[in-house]
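Data block for run.pdb (PDB, C-alpha atoms):
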ATOM      1  CA  MET A   1      87.272 103.016 127.177
ATOM      2  CA  ASP A   2      85.451  99.899 128.281
ATOM      3  CA  SER A   3      84.618  97.168 125.806
ATOM      4  CA  ILE A   4      83.535  93.543 125.777
ATOM      5  CA  TRP A   5      85.883  90.680 124.821
ATOM      6  CA  LEU A   6      88.526  92.813 123.111
ATOM      7  CA  THR A   7      90.227  96.134 123.761
ATOM      8  CA  GLY A   8      89.128  99.242 121.884
ATOM      9  CA  ALA A   9      92.221  99.034 119.668
ATOM     10  CA  GLN A  10      91.457  95.397 118.861
ATOM     11  CA  TRP A  11      87.858  96.262 117.920
ATOM     12  CA  LEU A  12      89.203  98.948 115.576
ATOM     13  CA  ALA A  13      91.500  96.324 114.048
ATOM     14  CA  VAL A  14      88.474  94.048 113.560
ATOM     15  CA  LEU A  15      86.704  96.919 111.798
ATOM     16  CA  ARG A  16      89.771  97.548 109.594
ATOM     17  CA  ILE A  17      90.111  93.875 108.711
ATOM     18  CA  GLY A  18      86.385  93.638 107.954
ATOM     19  CA  LEU A  19      86.670  96.611 105.607
ATOM     20  CA  GLY A  20      89.645  94.922 103.958
ATOM     21  CA  LEU A  21      87.586  91.758 103.477
ATOM     22  CA  TRP A  22      84.834  93.884 101.907
ATOM     23  CA  TRP A  23      87.335  95.364  99.413
ATOM     24  CA  LEU A  24      88.754  91.902  98.732
ATOM     25  CA  GLU A  25      85.240  90.624  97.998
ATOM     26  CA  SER A  26      84.673  93.576  95.644
ATOM     27  CA  TRP A  27      87.796  92.451  93.791
ATOM     28  CA  ARG A  28      86.987  88.716  93.949
ATOM     29  CA  HIS A  29      83.497  88.906  92.513
ATOM     30  CA  LYS A  30      84.492  91.110  89.549
ATOM     31  CA  ASP A  31      84.608  89.363  86.194
ATOM     32  CA  LYS A  32      88.238  90.316  85.581
ATOM     33  CA  ARG A  33      88.292  89.100  82.006
ATOM     34  CA  ALA A  34      85.282  91.271  81.129
ATOM     35  CA  TRP A  35      86.741  94.238  83.018
ATOM     36  CA  PHE A  36      90.104  93.955  81.262
ATOM     37  CA  GLU A  37      88.297  93.718  77.927
ATOM     38  CA  GLY A  38      86.535  96.982  78.750
ATOM     39  CA  ALA A  39      83.068  96.001  80.017
ATOM     40  CA  GLY A  40      83.420  97.743  83.377
ATOM     41  CA  ILE A  41      84.615 101.014  81.904
ATOM     42  CA  VAL A  42      81.931 100.893  79.184
ATOM     43  CA  TRP A  43      79.309 100.456  81.917
ATOM     44  CA  ALA A  44      80.804 103.319  83.969
ATOM     45  CA  ALA A  45      80.967 105.537  80.858
ATOM     46  CA  ASP A  46      77.263 104.921  80.274
ATOM     47  CA  VAL A  47      76.505 105.863  83.896
ATOM     48  CA  ALA A  48      78.690 108.988  83.635
ATOM     49  CA  ALA A  49      77.136 110.047  80.318
ATOM     50  CA  LYS A  50      73.666 110.079  81.906
ATOM     51  CA  HIS A  51      74.802 111.813  85.097
ATOM     52  CA  ARG A  52      72.950 114.985  86.057
ATOM     53  CA  TRP A  53      76.139 116.762  87.128
ATOM     54  CA  ASN A  54      78.223 118.161  84.295
ATOM     55  CA  ALA A  55      81.394 117.917  86.412
ATOM     56  CA  VAL A  56      81.000 114.124  86.587
ATOM     57  CA  ARG A  57      80.414 113.809  82.836
ATOM     58  CA  SER A  58      83.309 116.064  81.869
ATOM     59  CA  GLY A  59      85.622 114.660  84.560
ATOM     60  CA  PHE A  60      85.006 111.116  83.345
ATOM     61  CA  ASP A  61      85.658 112.210  79.752
ATOM     62  CA  VAL A  62      88.967 113.800  80.738
ATOM     63  CA  VAL A  63      90.303 111.214  83.197
ATOM     64  CA  VAL A  64      88.837 107.829  82.214
ATOM     65  CA  THR A  65      87.656 107.896  78.588
ATOM     66  CA  PRO A  66      91.120 108.414  77.025
ATOM     67  CA  TYR A  67      92.583 105.467  78.992
ATOM     68  CA  PRO A  68      89.893 102.774  79.290
ATOM     69  CA  LYS A  69      92.223  99.772  79.482
ATOM     70  CA  ALA A  70      94.552 101.373  82.015
ATOM     71  CA  MET A  71      91.631 102.580  84.134
ATOM     72  CA  ALA A  72      90.131  99.078  84.173
ATOM     73  CA  TYR A  73      93.393  97.747  85.602
ATOM     74  CA  VAL A  74      93.588 100.646  88.088
ATOM     75  CA  VAL A  75      90.098  99.945  89.445
ATOM     76  CA  VAL A  76      90.515  96.173  89.696
ATOM     77  CA  TYR A  77      93.974  96.205  91.247
ATOM     78  CA  ALA A  78      93.195  99.158  93.529
ATOM     79  CA  GLU A  79      90.433  97.079  95.112
ATOM     80  CA  LEU A  80      92.835  94.152  95.556
ATOM     81  CA  ALA A  81      95.564  96.387  97.026
ATOM     82  CA  LEU A  82      93.105  98.041  99.408
ATOM     83  CA  GLY A  83      91.804  94.678 100.574
ATOM     84  CA  LEU A  84      95.232  93.199 101.207
ATOM     85  CA  GLY A  85      96.612  96.390 102.756
ATOM     86  CA  LEU A  86      93.752  96.652 105.230
ATOM     87  CA  ILE A  87      93.648  92.952 106.117
ATOM     88  CA  LEU A  88      97.394  92.801 106.704
ATOM     89  CA  GLY A  89      97.542  96.286 108.183
ATOM     90  CA  PHE A  90     100.282  97.366 105.777
ATOM     91  CA  LEU A  91     100.468 101.076 104.908
ATOM     92  CA  THR A  92      97.090 101.251 106.602
ATOM     93  CA  PRO A  93      96.615 105.049 106.640
ATOM     94  CA  VAL A  94      97.406 105.151 102.916
ATOM     95  CA  ALA A  95      94.938 102.318 102.239
ATOM     96  CA  LEU A  96      92.242 103.966 104.355
ATOM     97  CA  VAL A  97      92.585 107.330 102.588
ATOM     98  CA  GLY A  98      92.763 105.624  99.178
ATOM     99  CA  GLY A  99      89.686 103.528  99.946
ATOM    100  CA  LEU A 100      87.812 106.574 101.215
ATOM    101  CA  LEU A 101      88.574 108.453  97.998
ATOM    102  CA  LEU A 102      87.564 105.482  95.840
ATOM    103  CA  ASN A 103      84.304 105.092  97.764
ATOM    104  CA  LEU A 104      83.583 108.788  97.360
ATOM    105  CA  LEU A 105      84.239 108.526  93.612
ATOM    106  CA  TYR A 106      81.915 105.521  93.382
ATOM    107  CA  LEU A 107      79.345 107.364  95.504
ATOM    108  CA  VAL A 108      79.347 110.423  93.243
ATOM    109  CA  LEU A 109      79.381 108.430  90.000
ATOM    110  CA  MET A 110      76.486 106.209  91.067
ATOM    111  CA  ILE A 111      74.495 108.896  92.873
ATOM    112  CA  HIS A 112      71.216 107.516  91.474
ATOM    113  CA  ASP A 113      71.794 103.875  92.494
ATOM    114  CA  TRP A 114      70.453 103.620  96.047
ATOM    115  CA  ALA A 115      71.800 100.110  96.614
ATOM    116  CA  GLU A 116      75.338 101.260  95.834
ATOM    117  CA  GLN A 117      74.931 104.395  97.949
ATOM    118  CA  GLY A 118      74.493 102.356 101.117
ATOM    119  CA  GLN A 119      77.569 100.244 100.492
ATOM    120  CA  ASN A 120      79.797 103.161  99.535
ATOM    121  CA  SER A 121      78.659 105.423 102.350
ATOM    122  CA  MET A 122      79.170 102.683 104.963
ATOM    123  CA  MET A 123      82.609 101.784 103.600
ATOM    124  CA  ALA A 124      83.544 105.494 103.641
ATOM    125  CA  LEU A 125      82.334 105.824 107.244
ATOM    126  CA  ILE A 126      84.346 102.776 108.302
ATOM    127  CA  SER A 127      87.420 104.240 106.585
ATOM    128  CA  VAL A 128      87.060 107.496 108.527
ATOM    129  CA  VAL A 129      86.560 105.716 111.871
ATOM    130  CA  ALA A 130      89.459 103.324 111.217
ATOM    131  CA  LEU A 131      91.698 106.220 110.143
ATOM    132  CA  PHE A 132      90.996 108.540 113.068
ATOM    133  CA  GLY A 133      90.938 105.591 115.477
ATOM    134  CA  MET A 134      94.418 104.633 114.213
ATOM    135  CA  SER A 135      93.307 101.057 113.576
ATOM    136  CA  TRP A 136      96.837  99.995 112.602
ATOM    137  CA  GLN A 137      97.966  99.967 116.260
ATOM    138  CA  THR A 138      96.952  96.318 116.721
ATOM    139  CA  TRP A 139      97.210  93.198 114.565
ATOM    140  CA  SER A 140      99.043  94.920 111.729
ATOM    141  CA  LEU A 141     102.318  94.827 109.872
ATOM    142  CA  ASP A 142     102.490  98.589 110.425
ATOM    143  CA  SER A 143     102.591  97.994 114.181
ATOM    144  CA  ALA A 144     105.079  95.138 113.897
ATOM    145  CA  LEU A 145     107.374  97.258 111.689
ATOM    146  CA  GLY A 146     106.973 100.378 113.827
ATOM    147  CA  LEU A 147     105.369 102.381 111.027
ATOM    148  CA  PHE A 148     102.914 105.199 111.799
ATOM    149  CA  PRO A 149     103.405 105.279 115.603
TER     150      PRO A 149
END
As structure tokens, please, write out the structure in this file.
Amino acid sequence: MDSIWLTGAQWLAVLRIGLGLWWLESWRHKDKRAWFEGAGIVWAADVAAKHRWNAVRSGFDVVVTPYPKAMAYVVVYAELALGLGLILGFLTPVALVGGLLLNLLYLVLMIHDWAEQGQNSMMALISVVALFGMSWQTWSLDSALGLFP
């Protein structure tokens, strides 16, 4: 594979780190106080309640509605963990699969919000490319520790 300036593996690491920065920004710009007081889950519940797919409405009612405070913490700290894991390249395959699943959940929940669809679909695509390109081979703690050879 020919590339300019960096090797192919290094470009994949750049892509992985960029995705990590995107997750970190998702975490940084959240109003954590409002989320931990329930605003984020209340907003998501409103979106889910109006969703055209019954599976989304009922799934939200079963998984999220009974545990709003815990789910708020899960969402906020998952975004932080994904960001740090991808930037540092630590447990990278786990972070990439976790991020892909979270993006797909966001994509399905907010199926009517076209602005969100672009962000979530691009982040999901980057996760797939970084996963199958084994982006942890360069500039990562995984590589330094000999994890996921």
Practice task
Excluding A:Pro149 and residues on its chain fewer than 5 positions from it, collect all residues at most 10 Å away from it, counting all atoms listed in the file, and give them as number ranges by chain.
Solution key: A: 134, 136-137, 142-143
With C-alpha atoms retained, write the just-selected residues as an mmCIF file, in the frame of the given file.
data_model
loop_
_atom_site.group_PDB
_atom_site.id
_atom_site.type_symbol
_atom_site.label_atom_id
_atom_site.label_comp_id
_atom_site.auth_asym_id
_atom_site.auth_seq_id
_atom_site.Cartn_x
_atom_site.Cartn_y
_atom_site.Cartn_z
ATOM 1 C CA MET A 134 94.418 104.633 114.213
ATOM 2 C CA TRP A 136 96.837 99.995 112.602
ATOM 3 C CA GLN A 137 97.966 99.967 116.260
ATOM 4 C CA ASP A 142 102.490 98.589 110.425
ATOM 5 C CA SER A 143 102.591 97.994 114.181
#
Practice task
For A:Val64, work out the shell of residues within 12 Å, counting all atoms listed in the file and skipping chain neighbours fewer than 3 positions away, then give it as a PyMOL selection string.
Solution key: chain A and resi 38+40-42+44-45+48+56-61+67-75
Problem - Result set of the PyMOL selection byres ((chain A and resi 106-111) around 10) on the coordinates above, as a list in words - result: Ala44, Ala45, Val47, Ala48, His51, Arg52, Trp53, Val56, Arg57, Phe60, Leu100, Leu101, Leu102, Asn103, Leu104, Leu105, His112, Asp113, Trp114, Ala115, Glu116, Gln117, Gly118, Gln119, Asn120, Ser121 and Ala124 of chain A
Practice task
Using atom CA of A:Leu80 and atom CA of A:Gly20 as the two end points, give the distance in Å to one decimal.
Solution key: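 So the two atoms, atom CA of A:Leu80 and atom CA of A:Gly20, lie 9.0 Å apart.
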Problem - Residues in the PyMOL selection byres ((chain A and resi 83-99) around 10), expressed as a ChimeraX atom specification - result: /A:13-27,77-82,100-105,120,123-124,126-132,134-145,147-148
Centre, x/y/z edge lengths, axis-aligned box for stretch 2-21 of chain A with 4 Å per side, as AutoDock Vina command-line options:
--center_x 87.9 --center_y 95.3 --center_z 115.9 --size_x 16.7 --size_y 17.2 --size_z 32.8
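Of the listed residues A:Val62, A:Gly133, A:Val76, A:Arg28, the one whose atoms come nearest to A:Trp11 is A:Gly133, with distances taken using only C-alpha atoms.
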As a compact mmCIF listing (two decimals), in the frame of the given file, please: stretch 38-69 of chain A completed to N, CA and C atoms.
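Result file result_28.txt:
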# COMPACT_ATOMS: atom_id res chain seq x y z
N GLY A 38 87.18 95.68 78.84
CA GLY A 38 86.54 96.98 78.75
C GLY A 38 85.11 97.08 79.24
N ALA A 39 84.48 95.97 79.64
CA ALA A 39 83.07 96.00 80.02
C ALA A 39 82.79 96.93 81.20
N GLY A 40 83.64 96.91 82.19
CA GLY A 40 83.42 97.74 83.38
C GLY A 40 83.50 99.22 83.07
N ILE A 41 84.45 99.60 82.25
CA ILE A 41 84.62 101.01 81.90
C ILE A 41 83.50 101.45 80.96
N VAL A 42 83.06 100.56 80.06
CA VAL A 42 81.93 100.89 79.18
C VAL A 42 80.68 101.13 80.03
N TRP A 43 80.45 100.28 81.02
CA TRP A 43 79.31 100.46 81.92
C TRP A 43 79.42 101.79 82.67
N ALA A 44 80.60 102.07 83.22
CA ALA A 44 80.80 103.32 83.97
C ALA A 44 80.65 104.53 83.06
N ALA A 45 81.11 104.43 81.81
CA ALA A 45 80.97 105.54 80.86
C ALA A 45 79.50 105.82 80.58
N ASP A 46 78.70 104.75 80.49
CA ASP A 46 77.26 104.92 80.27
C ASP A 46 76.63 105.62 81.48
N VAL A 47 77.02 105.22 82.68
CA VAL A 47 76.50 105.86 83.90
C VAL A 47 76.92 107.34 83.92
N ALA A 48 78.19 107.61 83.62
CA ALA A 48 78.69 108.99 83.64
C ALA A 48 78.00 109.85 82.58
N ALA A 49 77.76 109.28 81.40
CA ALA A 49 77.14 110.05 80.32
C ALA A 49 75.72 110.51 80.67
N LYS A 50 75.04 109.75 81.52
CA LYS A 50 73.67 110.08 81.91
C LYS A 50 73.60 110.87 83.22
N HIS A 51 74.76 111.16 83.79
CA HIS A 51 74.80 111.81 85.10
C HIS A 51 74.25 113.22 85.02
N ARG A 52 73.55 113.64 86.05
CA ARG A 52 72.95 114.98 86.06
C ARG A 52 73.98 116.09 86.30
N TRP A 53 75.12 115.75 86.85
CA TRP A 53 76.14 116.76 87.13
C TRP A 53 77.15 116.81 85.99
N ASN A 54 77.30 117.98 85.40
CA ASN A 54 78.22 118.16 84.30
C ASN A 54 79.66 117.85 84.71
N ALA A 55 80.03 118.17 85.94
CA ALA A 55 81.39 117.92 86.41
C ALA A 55 81.74 116.43 86.36
N VAL A 56 80.77 115.57 86.64
CA VAL A 56 81.00 114.12 86.59
C VAL A 56 81.18 113.69 85.13
N ARG A 57 80.31 114.17 84.27
CA ARG A 57 80.41 113.81 82.84
C ARG A 57 81.75 114.27 82.25
N SER A 58 82.08 115.53 82.46
CA SER A 58 83.31 116.06 81.87
C SER A 58 84.55 115.47 82.54
N GLY A 59 84.49 115.27 83.87
CA GLY A 59 85.62 114.66 84.56
C GLY A 59 85.90 113.25 84.07
N PHE A 60 84.84 112.48 83.87
CA PHE A 60 85.01 111.12 83.34
C PHE A 60 85.62 111.16 81.95
N ASP A 61 85.14 112.09 81.12
CA ASP A 61 85.66 112.21 79.75
C ASP A 61 87.13 112.59 79.72
N VAL A 62 87.57 113.37 80.70
CA VAL A 62 88.97 113.80 80.74
C VAL A 62 89.88 112.74 81.35
N VAL A 63 89.43 112.11 82.44
CA VAL A 63 90.30 111.21 83.20
C VAL A 63 90.22 109.76 82.73
N VAL A 64 89.02 109.26 82.47
CA VAL A 64 88.84 107.83 82.21
C VAL A 64 88.74 107.50 80.73
N THR A 65 87.93 108.23 79.99
CA THR A 65 87.66 107.90 78.59
C THR A 65 88.91 107.73 77.73
N PRO A 66 89.93 108.59 77.87
CA PRO A 66 91.12 108.41 77.03
C PRO A 66 91.95 107.16 77.35
N TYR A 67 91.75 106.59 78.53
CA TYR A 67 92.58 105.47 78.99
C TYR A 67 91.74 104.32 79.52
N PRO A 68 90.82 103.77 78.74
CA PRO A 68 89.89 102.77 79.29
C PRO A 68 90.58 101.51 79.79
N LYS A 69 91.55 101.02 79.07
CA LYS A 69 92.22 99.77 79.48
C LYS A 69 93.01 99.99 80.78
